[in-house]
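> Dropping a structure here in structure tokens format, bear with me for questions.
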Amino acid sequence: MSREQTETMMESQVNPEDVLLEVKGLKKHFPIRGGFLRRVVGQVKAVDGIDFYVKKGETLGLVGESGCGKSTTGRTIIRLYDPTEGEVIFNDPDMGQVHIEELDSKGLRKVRQNMQMIFQDPFSSLDPRMTVGRIIGEPLLINGVAKGRRLRERVAELLTVVGLRPDHASRYPHAFSGGQRQRIGIARALALNPKFLICDEPVSALDVSVQAQVLNLLEDLQTQFDLTYLFIAHDLSVVEHISDRVAVMYVGYLVEMAPVERLYYNPKMPYTEALLASIPKPDPRNRARPVRLPGDVPSPANPPSGCYFHPRCQYAQDICKVERPPLRLVGPDHWAACHFADELNLKGVPRLGESAVLRTPSAASTIQVRGRRVTSEQTGDGEARTEQPQQPPRPPQQ
Amino acid sequence: MNDRDTLYVLFTMDCLPAVRKATEGGPKTWEISARSIESFCTQLHAAGYPVTLFASPDCAEEHSPLLEELTDALDAELGLYVSPKLATDGQYKRYLGAYGEEEQREIVKIAMDRFMDAMERRPQSFRSAEFSASDDTFGVLYSLGFQQGSVSAPGRQVAKYQAVWVGAPTTPHYPSRDDRLQEGDLPFLEVPVTTDPDRVVGGVSAELCVDTGKFETWHRQIIERHLESLEAQDTAFKLLCLFTRNGSAYHQRSAQPAENLARILDHLESLRESYEIAPVTLFDAHQHYMRRRDDAPSGA
Ligand SMILES: Nc1ncnc2c1ncn2[C@@H]1O[C@H](COP(=O)(O)OP(=O)(O)O)[C@@H](O)[C@H]1O
Ligand code: SF4
Ligand SMILES: [Mg+2]
């Protein structure tokens with residue numbers, strides 16, 4: 001199937017009015033330079049022709065192992081990188097439909113009022129020499145939106161919105177934990193009232209108990225400010241709770257995309273099955289060890305022939321070594337790139353029951369991240385507790 | 001298997017101010033400090049151990065939101081760390097044990113007030129810099145409302161810092177009111193850091209410091225020797241007390257301190273064959289100690 005066909009079929013799945021972002025044939029190749037003259041000797045095809053859309057108000061999870069091209073996708077959409085090829089069409093609430101790949105710097109600045117990115121590493125993404133107030137206020141100042149007292153008020157409001165205190169504005173990043181720094185990054189991203197946030201593994205660097213708090217915050221903000229998310233993660237356990245649909249990426253390509261229930265229950269691509277099987281199980285010894293799939297992600301500079309997953313795929317046949325399967329429709333709004341998507345009976349996991357996700361308003365929050373139950377609740381005496389049932393038992397208090 | 005003894009395990013970290021001079025021993029920058037503290041607590045929390053942090057007043061002031069989160073979300077306990085020089089801005093230049101009773105009270109009070117201004121809570125656990133103390137120290141701490149401390153390093157003999165702990169008890173105890181080396185009836189639980197008092201190098205006994213040495217030749221041996229001596233003395237309240245500082249690179253997984261920590265945690269897992277491992281904060285340790293005392297037959 002050609003890309004045009006894929007594209008047309010995608011359009012058939014959704015009303016164009018409902019689409020906030022559409023990505024068509026997006027490629028980002030990085031040159032590899034070598035030798036004495038630093039000549040280009042090859043290309044890292046980090047993103048190599050992907051198509052997807054994000055509907056207004058939804059969260060699309062983007063998942064794949066490290067090195068699959070997720071961050072490059074996010075960065076190219078927001079034009080931190082210029083695409084090598086392809087289109088990024090954003091339905092800007094102020095400017096209407098814009099082709100982000102064509103914008104000049106002025107246009108980019110404008111579109112970035114509505115489209116922002118939250119980065120993975122809360123330690124390197126905040127300037128250590130700037131106060132939190134300056135970090136959060138900078139976009140307002142640069143865009144001439146507020147200054148002086150109004151700026152300070154807006155910063156105080158943003159701090160409150162993300163669960164920090166207005167007096168934190170005078171502090172430096174080193175006063176804060178990774179989770180709090182991520183909140184500061186979120187406040188900065190929200191400063192200009194954007195509509196679309198690209199969240200690049202916003203909780204990967206955080207302790208599990210803190211992950212839940214930040215995920216809950218992102219969900220609350222989504223409702224409160226009518227936000228749309230592209231939510232990047234390296235495993236399926238984190239995106240499950242927050243996503244409406246999930247796209248799975250492998251070595252520069254999308255290999256499966258479907259609504260959450262379908263993808264988890266009934267995966268159609270062996271890589272997704274492997275990712276589902278690798279979701280961390282509660283470990284009796286409870287040491288946080290990353291679960292790794294067998295085999296390595298191939299280098300995007302030198303990918304295998306045929307289906308890129310074939311060296312690691314237990315279902316691979318001869319055709320898989322020579323012919324790359326296109327992303328095609330295999331069910332309602334369900335896309336998969338596998339020659340045998342219709343024949344294979346792959347093993348999924350049931351979606352976490354909604355009943356397991358109990359939330360009360362205000363400070364109490366419970367969230368279940370698959371394989372790691374996290375509860376942080378504000379108890380009557382003002383002490384927050386965190387329960388992790390699989391931990392070595394601590395002796396009872398009193 | 002249900003008659004296995006409980007082995008309490010206490011991880012502590014001294015949180016010093018970022019250094020102005022290399023000789024002060026603190027982290028190079030506040031940023032390193034923040035990352036070290038958080039990584040240490042996070043890795044231990046993931047393994048089921050809460051950390052007891054002893055924060056200097058400067059550290060409480062610089063890191064208050066971070067420390068609040070670590071106590072709220074990661075079950076850390078926050079105690080006070082006092083180096084007279086740093087806590088009083090150079091007004092008192094020597095280590096705590098060098099001062100008389102009233103001066104010690106004054107110094108600790110200054111540090112405590114700064115801590116309370118920053119954290120809006122009263123510290124109940126205490127450690128002094130370089131394990132410096134005199135015979136007056138435990139009484140002073142108790143009079144200021146401290147309930148427990150980890151002030152002694154049995155075997156240490158550094159006279160110039162007034163850190164002399166030769167012959168001190170090696171297990172948690174209530175100290176005497178006027179002799180720091182004796183057990184007594186002051187209801188303040190002193191939890192010595194775990195050492196091997198028989199292995200002394202340069203006036204300092206081999207101490208169970210996470211970032212010192214390498215696991216095989218250091219931590220494993222100190223732990224083994226300590227457990228042997230606990231068994232030999234038939235100690236009822238068995239505890240390992242480890243310590244470290246906020247300048248150590250726990251945020252760099254391949255660095256030695258993080259490597260040591262991972263090996264120690266693996267070793268503690270293997271000790272589960274012989275002991276019921278009970279992770280505690282210093283506060284928790286005192287609660288358990290009191291319960292055991294209450295449960296013990298009277299006169300024992
Ligand atoms: N700026 C860059 N220059 C060269 N190669 C890059 C650059 N950024 C990413 N890559 C390469 O592109 C591939 C995809 O990287 P990335 O998008 O960061 O993956 P992910 O976010 O899924 O872990 C990797 O092989 C990575 O080494
Ligand atoms: S196309 Fe072949 S190799 Fe690729 S995922 Fe499907 S079965 Fe496996
Ligand atoms: Mg990435």
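Following the order of the structure tokens, first chain is A, next is B, and so on, with residues numbered from 1 inside each chain and ligands from 1 in the order they appear.
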Identify, counting only C-alpha atoms and all ligand atoms, the protein, DNA and RNA residues located within 10 Å of ligand 2, and give them as a PyMOL selection string.
chain A and resi 255+268-273+306-326+336-341+343-344
> Using only C-alpha atoms and all ligand atoms, what are the residues with an atom within 9 Å of ligand 3, set out as a PyMOL selection string?
chain A and resi 65-72+74+120+200-201+232-234
> Find the residue from A:Gln222, A:Gln213, A:Ser299, A:Ser170 that sits nearest to ligand 1; use only C-alpha atoms and all ligand atoms when measuring.
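Answer, going by the shortest atom-to-atom distance: A:Ser299.
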> Taking only C-alpha atoms into account, report as a list in words which residues of chain B lie within 8 Å of chain A.
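Here is what falls inside 8 Å: Trp30, Glu31, Ala34, Arg35, Glu38, Thr42, Gln43, Ala46, Ala47, Gly48, Glu62, His63, Ser64, Pro65, Leu66, Glu69, Asp72, Ala73, Leu74, Asp75, Glu269, Ile277, Ala278, Pro279, Val280, Asp284, Gln287, His288 and Arg291 of chain B.
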> Near B:Tyr95, within 12 Å and counting only C-alpha atoms, which residues show up once chain neighbours fewer than 2 positions away are dropped, as a ChimeraX atom specification?
/B:82-88,90-93,97-100,103-104,107-108,128-134,137,158-163
> Could you jot down the atom CA of B:Phe215 to atom CA of B:Thr12 separation for me, Å, one decimal place?
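Spanning atom CA of B:Phe215 to atom CA of B:Thr12 is a straight-line distance of 17.5 Å.
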> List the neighbours of A:Glu157 out to 12 Å using only C-alpha atoms; skip same-chain residues closer than 5 positions along the sequence, and give me the result as a list in words.
Gly133, Ile136, Gly137, Arg150, Leu151, Arg152, Val162, Gly163, Leu164, Arg165, Pro166, Asp167, His168, Ala169, Ala187, Arg188, Leu190 and Ala191 of chain A
> As a compact mmCIF listing (two decimals) with C-alpha atoms, in the first residue's frame, which residues of stretch 49-222 of chain A does DSSP assign to strand (DSSP E)?

```
# COMPACT_ATOMS: atom_id res chain seq x y z
CA GLY A 49 8.10 8.37 7.11
CA ILE A 50 5.33 8.32 9.68
CA ASP A 51 1.67 9.25 9.47
CA PHE A 52 -0.71 9.90 12.31
CA TYR A 53 -3.20 12.38 13.65
CA VAL A 54 -4.13 13.66 17.07
CA LYS A 55 -7.73 14.56 17.77
CA THR A 59 -4.10 11.93 24.43
CA LEU A 60 -2.14 9.94 21.90
CA GLY A 61 0.53 7.81 23.56
CA LEU A 62 3.71 7.29 21.54
CA VAL A 63 5.61 4.26 22.72
CA GLU A 85 10.61 15.46 4.48
CA GLY A 86 6.90 15.42 5.17
CA GLU A 87 4.18 17.66 6.56
CA VAL A 88 3.07 18.71 10.02
CA ILE A 89 -0.34 20.35 9.87
CA PHE A 90 -1.55 22.08 13.00
CA ASN A 91 -5.04 23.40 13.45
CA ASP A 92 -4.01 26.52 15.32
CA GLY A 96 -6.15 28.30 11.49
CA GLN A 97 -4.50 25.44 9.58
CA VAL A 98 -0.75 25.94 9.46
CA HIS A 99 1.99 23.88 7.89
CA MET A 115 2.08 24.16 21.06
CA GLN A 116 4.61 23.42 23.78
CA MET A 117 6.94 20.64 24.84
CA ILE A 118 7.69 19.14 28.26
CA PHE A 196 -1.29 21.14 22.49
CA LEU A 197 1.48 19.69 24.66
CA ILE A 198 4.14 17.24 23.58
CA CYS A 199 5.15 15.43 26.76
CA ASP A 200 8.45 13.64 26.16
```
> One decimal, Å: what's the distance from atom CA of B:Arg127 over to atom CA of B:Gly79, could you say?
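Distance between the two atoms: 7.7 Å.
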> Which distance in Å separates atom CA of A:Leu230 and atom CA of A:Ser243, to one decimal?
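Value for the atom CA of A:Leu230-atom CA of A:Ser243 distance: 8.9 Å.
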> Could you pull out all residues of stretch 201-284 of chain B with a DSSP call of helix (DSSP H, G or I) and give them as a count of residues only?
34
> Using only C-alpha atoms and all ligand atoms, which of the listed residues (A:Gly331, A:Pro93, A:Pro31, A:Pro280) sits closest to ligand 1?
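Ranked by minimum distance to ligand 1, first place goes to A:Pro31.
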